[in-house]
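Participant: Pasting a structure here, questions to come.
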Amino acid sequence: MNDFEELPVVPVDADFKDRGLEAVGFRRKLMNWYRSHARELPWRGISDPYRTWVSEVMLQQTRVAAVIEHYENFLRRFPTIVALALASEAEVLAVWSGLGYYRRARMLHKAAQFIVRERGGVLPGTAAELRTLPGIGEYTSAAIASIAFGESIAVVDGNVERVLLRLTGRAEMATAAGRAFVQTQAAALVPRKKVDERGNAAGDHNQAMMELGATICLPRAPLCLHCPVYSMCRTRGEHVTPPRAVQKSRPAAYLLSLRKRGTVTEVLLERRADDASLMAGMYELPPLPQDAIQGREPLLRVRHAITNTNYYVQVFAASGPQDRGLRRAVPAAKDDLEWVRTNRLGMVPLTGLARKVLQRLDVMEVRPVRLPET
C-alpha cells in the first residue's frame with residue numbers, strides 16, 4: 001500500500017486562516033519538499049532585487065528553458081538598473097528578441113528610466129510602491145516584494161491558482177469571486193515572518209508554491225503520488241476547468257532575400273510600423289501575399305504560435321538571379337525595408353518568428369541554451 005493512502009483526507013475548503021494549525025502543517029510539508037527538490041535556476045538564491053525583477057518579468061507567459069538563455073544574456077548586457085535605463089529601446093528589444101510579448105521589455109525599460117530619474121536608481125521595496133512603476137501589476141509587484149524583500153504577501157500565478165483549486169476541491173471560475181477565493185486562500189498560507197538570519201520565509205514559500213505547480217501539480221496528468229501535500233488535497237487529479245478558446249490557424253508567407261557585399265552577407269528585413277498593434281518597431285522578414293507564392297516550393301515550413309493563433313509559415317527565396325517576382329510582390333514600402341548584415345542580427349530587435357526562421361536556415365547564429373542541472 002502506498003504511504004499516502006494511510007493518511008487522512010483533511011477538508012481544506014474553509015479559509016486556511018481559520019485553520020492555523022493546518023496552514024502550519026501545509027507550510028512544513030511544502031518547504032521540506034522544496035528544499036530537497038527545487039530546481040537550480042539562475043534567479044534563485046540571489047540578493048539583487050533588480051535581477052529578481054528581470055526574471056519575474058521574463059517568466060510571464062514564457063517557458064523556463066527559454067528564459068534561462070535570455071536572462072543571462074540580458075544581464076550581461078544590462079547588469080544594473082542604470083545600464084538598462086541608459087540603453088536605447090532598440091537595444092533592449094534586440095536582447096529581448098525571441099521571448100515575445102515585447103510590451104514587457106518596453107515597460108521594463110521605461111520603469112528603469114523612471115527609477116533612475118525619480119528614485120535615485122533604487123527599486124522600491126514594497127508591493128504597493130512597486131505597483132506605481134510602468135508595467136508592474138499585482139502579480140509582479142507581489143513576487144518582487146516577497147522574493148527580493150521578504151514582504152509577507154501572496155504571489156498568485158497560474159501554477160499557484162491550480163494548486164489551490166485542487167487542494168480545496170474547487171472548479172476553476174474566471175470570475176471576480178473565483179479570483180478573490182484563490183487570493184484569500186493564498187494569502188492565508190503565506191508566513192507572516194519577515195527576512196531574518198534563517199532565510200526569507202515568505203519569499204521561499206511563494207517560490208515553493210509556484211515550483212509545486214510547475215513540476216508536480218501539472219495542468220494535465222499531475223504527479224500526485226510525488227506531491228508533498230497529497231494528503232491535504234480534495235481533488236487528487238485534474239480539476240474542472242472551463243473550455244479553452246479554440247486555437248485559430250492562419251497561413252503566412254515570407255521572403256528570404258540575401259545578398260553579398262564583398263565578404264559581408266546581408267539579409268533584407270522589414271521594420272514594422274511604430275503604431276502596429278503587435279511587435280511595433282520590430283524587424284521581420286518581408287511578408288508575401290498568398291497569391292505570389294502559387295506554384296513555388298518553400299525553403300522552410302514552420303509553425304509559430306502567437307497568443308491563440310497558430311501561423312503555418314512558409315519561407316521562400318528567389319530561384320535565381322533573374323527571378324525578381326518575389327521581390328516585386330513584397331507590399332511594403334521601400335522606406336520600410338532595410339539590408340542588415342547577418343553578423344549584426346543579434347543586435348537587431350527581431351520578431352520571435354524572424355529569429356526562429358533565420359536560425360533554422362543558418363543565417364543567424366544559434367546560441368545553445370544552458371539548462372540547470374537536475
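Residues in the C-alpha cells are numbered from 1 in each chain, the chains being A, B, ... in the order shown, and ligands are numbered from 1 in the order shown.
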Run DSSP on the backbone and give me the residues of range 45-213 of chain A it puts in alpha helix (DSSP H), as a ChimeraX atom specification.
Facilitator: /A:49-59,64-77,81-86,89-96,103-119,127-130,138-149,158-168,176-189,201-213
Participant: Residues at most 9 Å from Val182 in chain A, counting only C-alpha atoms, excluding those fewer than 5 positions away in the same chain, as a list in words?
Facilitator: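 Within the cut-off, the hits are Val156, Val160, Glu161, Leu164, Leu165, Ala177 and Ala187 of chain A.
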Participant: Taking only C-alpha atoms into account, name the residue in A:Leu130, A:Ala208, A:Tyr102, A:Thr263 that is nearest to Ser36 in chain A.
Facilitator: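 Comparing A:Leu130, A:Ala208, A:Tyr102, A:Thr263 against Ser36 in chain A, the winner is A:Ala208.
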Participant: With only C-alpha atoms as the atoms that count, which of A:Ala329, A:Ala354, A:Val116, A:Ile81 lies nearest to Asp48 in chain A?
Facilitator: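 Among A:Ala329, A:Ala354, A:Val116, A:Ile81, it is A:Ile81 that comes nearest to Asp48 in chain A.
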Participant: Identify all residues of range 17-260 of chain A in strand (DSSP E or B) (DSSP on the backbone) and supply them as a ChimeraX atom specification.
Facilitator: /A:195-196,199-200,248-255,258-260
Participant: Can those selected residues be exported to a file as a compact mmCIF listing (two decimals), in the first residue's frame so that it contains C-alpha atoms?
Facilitator:
# COMPACT_ATOMS: atom_id res chain seq x y z
CA VAL A 195 13.50 38.10 6.32
CA ASP A 196 15.84 37.04 9.14
CA GLY A 199 16.11 33.00 5.44
CA ASN A 200 13.18 34.59 3.64
CA LYS A 248 -7.10 29.74 -34.83
CA SER A 249 -4.98 28.70 -37.81
CA ARG A 250 -3.64 31.05 -40.46
CA PRO A 251 -1.17 30.69 -43.34
CA ALA A 252 1.70 33.15 -43.68
CA ALA A 253 4.49 33.57 -46.23
CA TYR A 254 7.79 35.48 -46.02
CA LEU A 255 10.67 36.33 -48.32
CA LEU A 258 20.25 37.56 -49.17
CA ARG A 259 22.98 39.47 -50.94
CA LYS A 260 26.76 39.69 -50.82
Participant: Find the nearest atom pair between each residue of range 329-353 of chain A and range 282-305 of chain A for residues within 6 Å, count only C-alpha atoms, give distances in Å to one decimal, sort rows by chain and ascending number, and present the table as JSON lines.
Facilitator:
{"residue": "A:Val330", "atom": "CA", "partner": "A:Leu288", "partner_atom": "CA", "distance": 5.5}
{"residue": "A:Pro349", "atom": "CA", "partner": "A:Met282", "partner_atom": "CA", "distance": 5.4}
{"residue": "A:Leu350", "atom": "CA", "partner": "A:Tyr283", "partner_atom": "CA", "distance": 4.7}
{"residue": "A:Thr351", "atom": "CA", "partner": "A:Glu284", "partner_atom": "CA", "distance": 5.8}
Participant: Measuring atom to atom with only C-alpha atoms, identify which of A:Val82, A:Ala143, A:Leu93, A:Val122 is nearest to Leu59 in chain A.
Facilitator: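 Comparing A:Val82, A:Ala143, A:Leu93, A:Val122 against Leu59 in chain A, the winner is A:Ala143.
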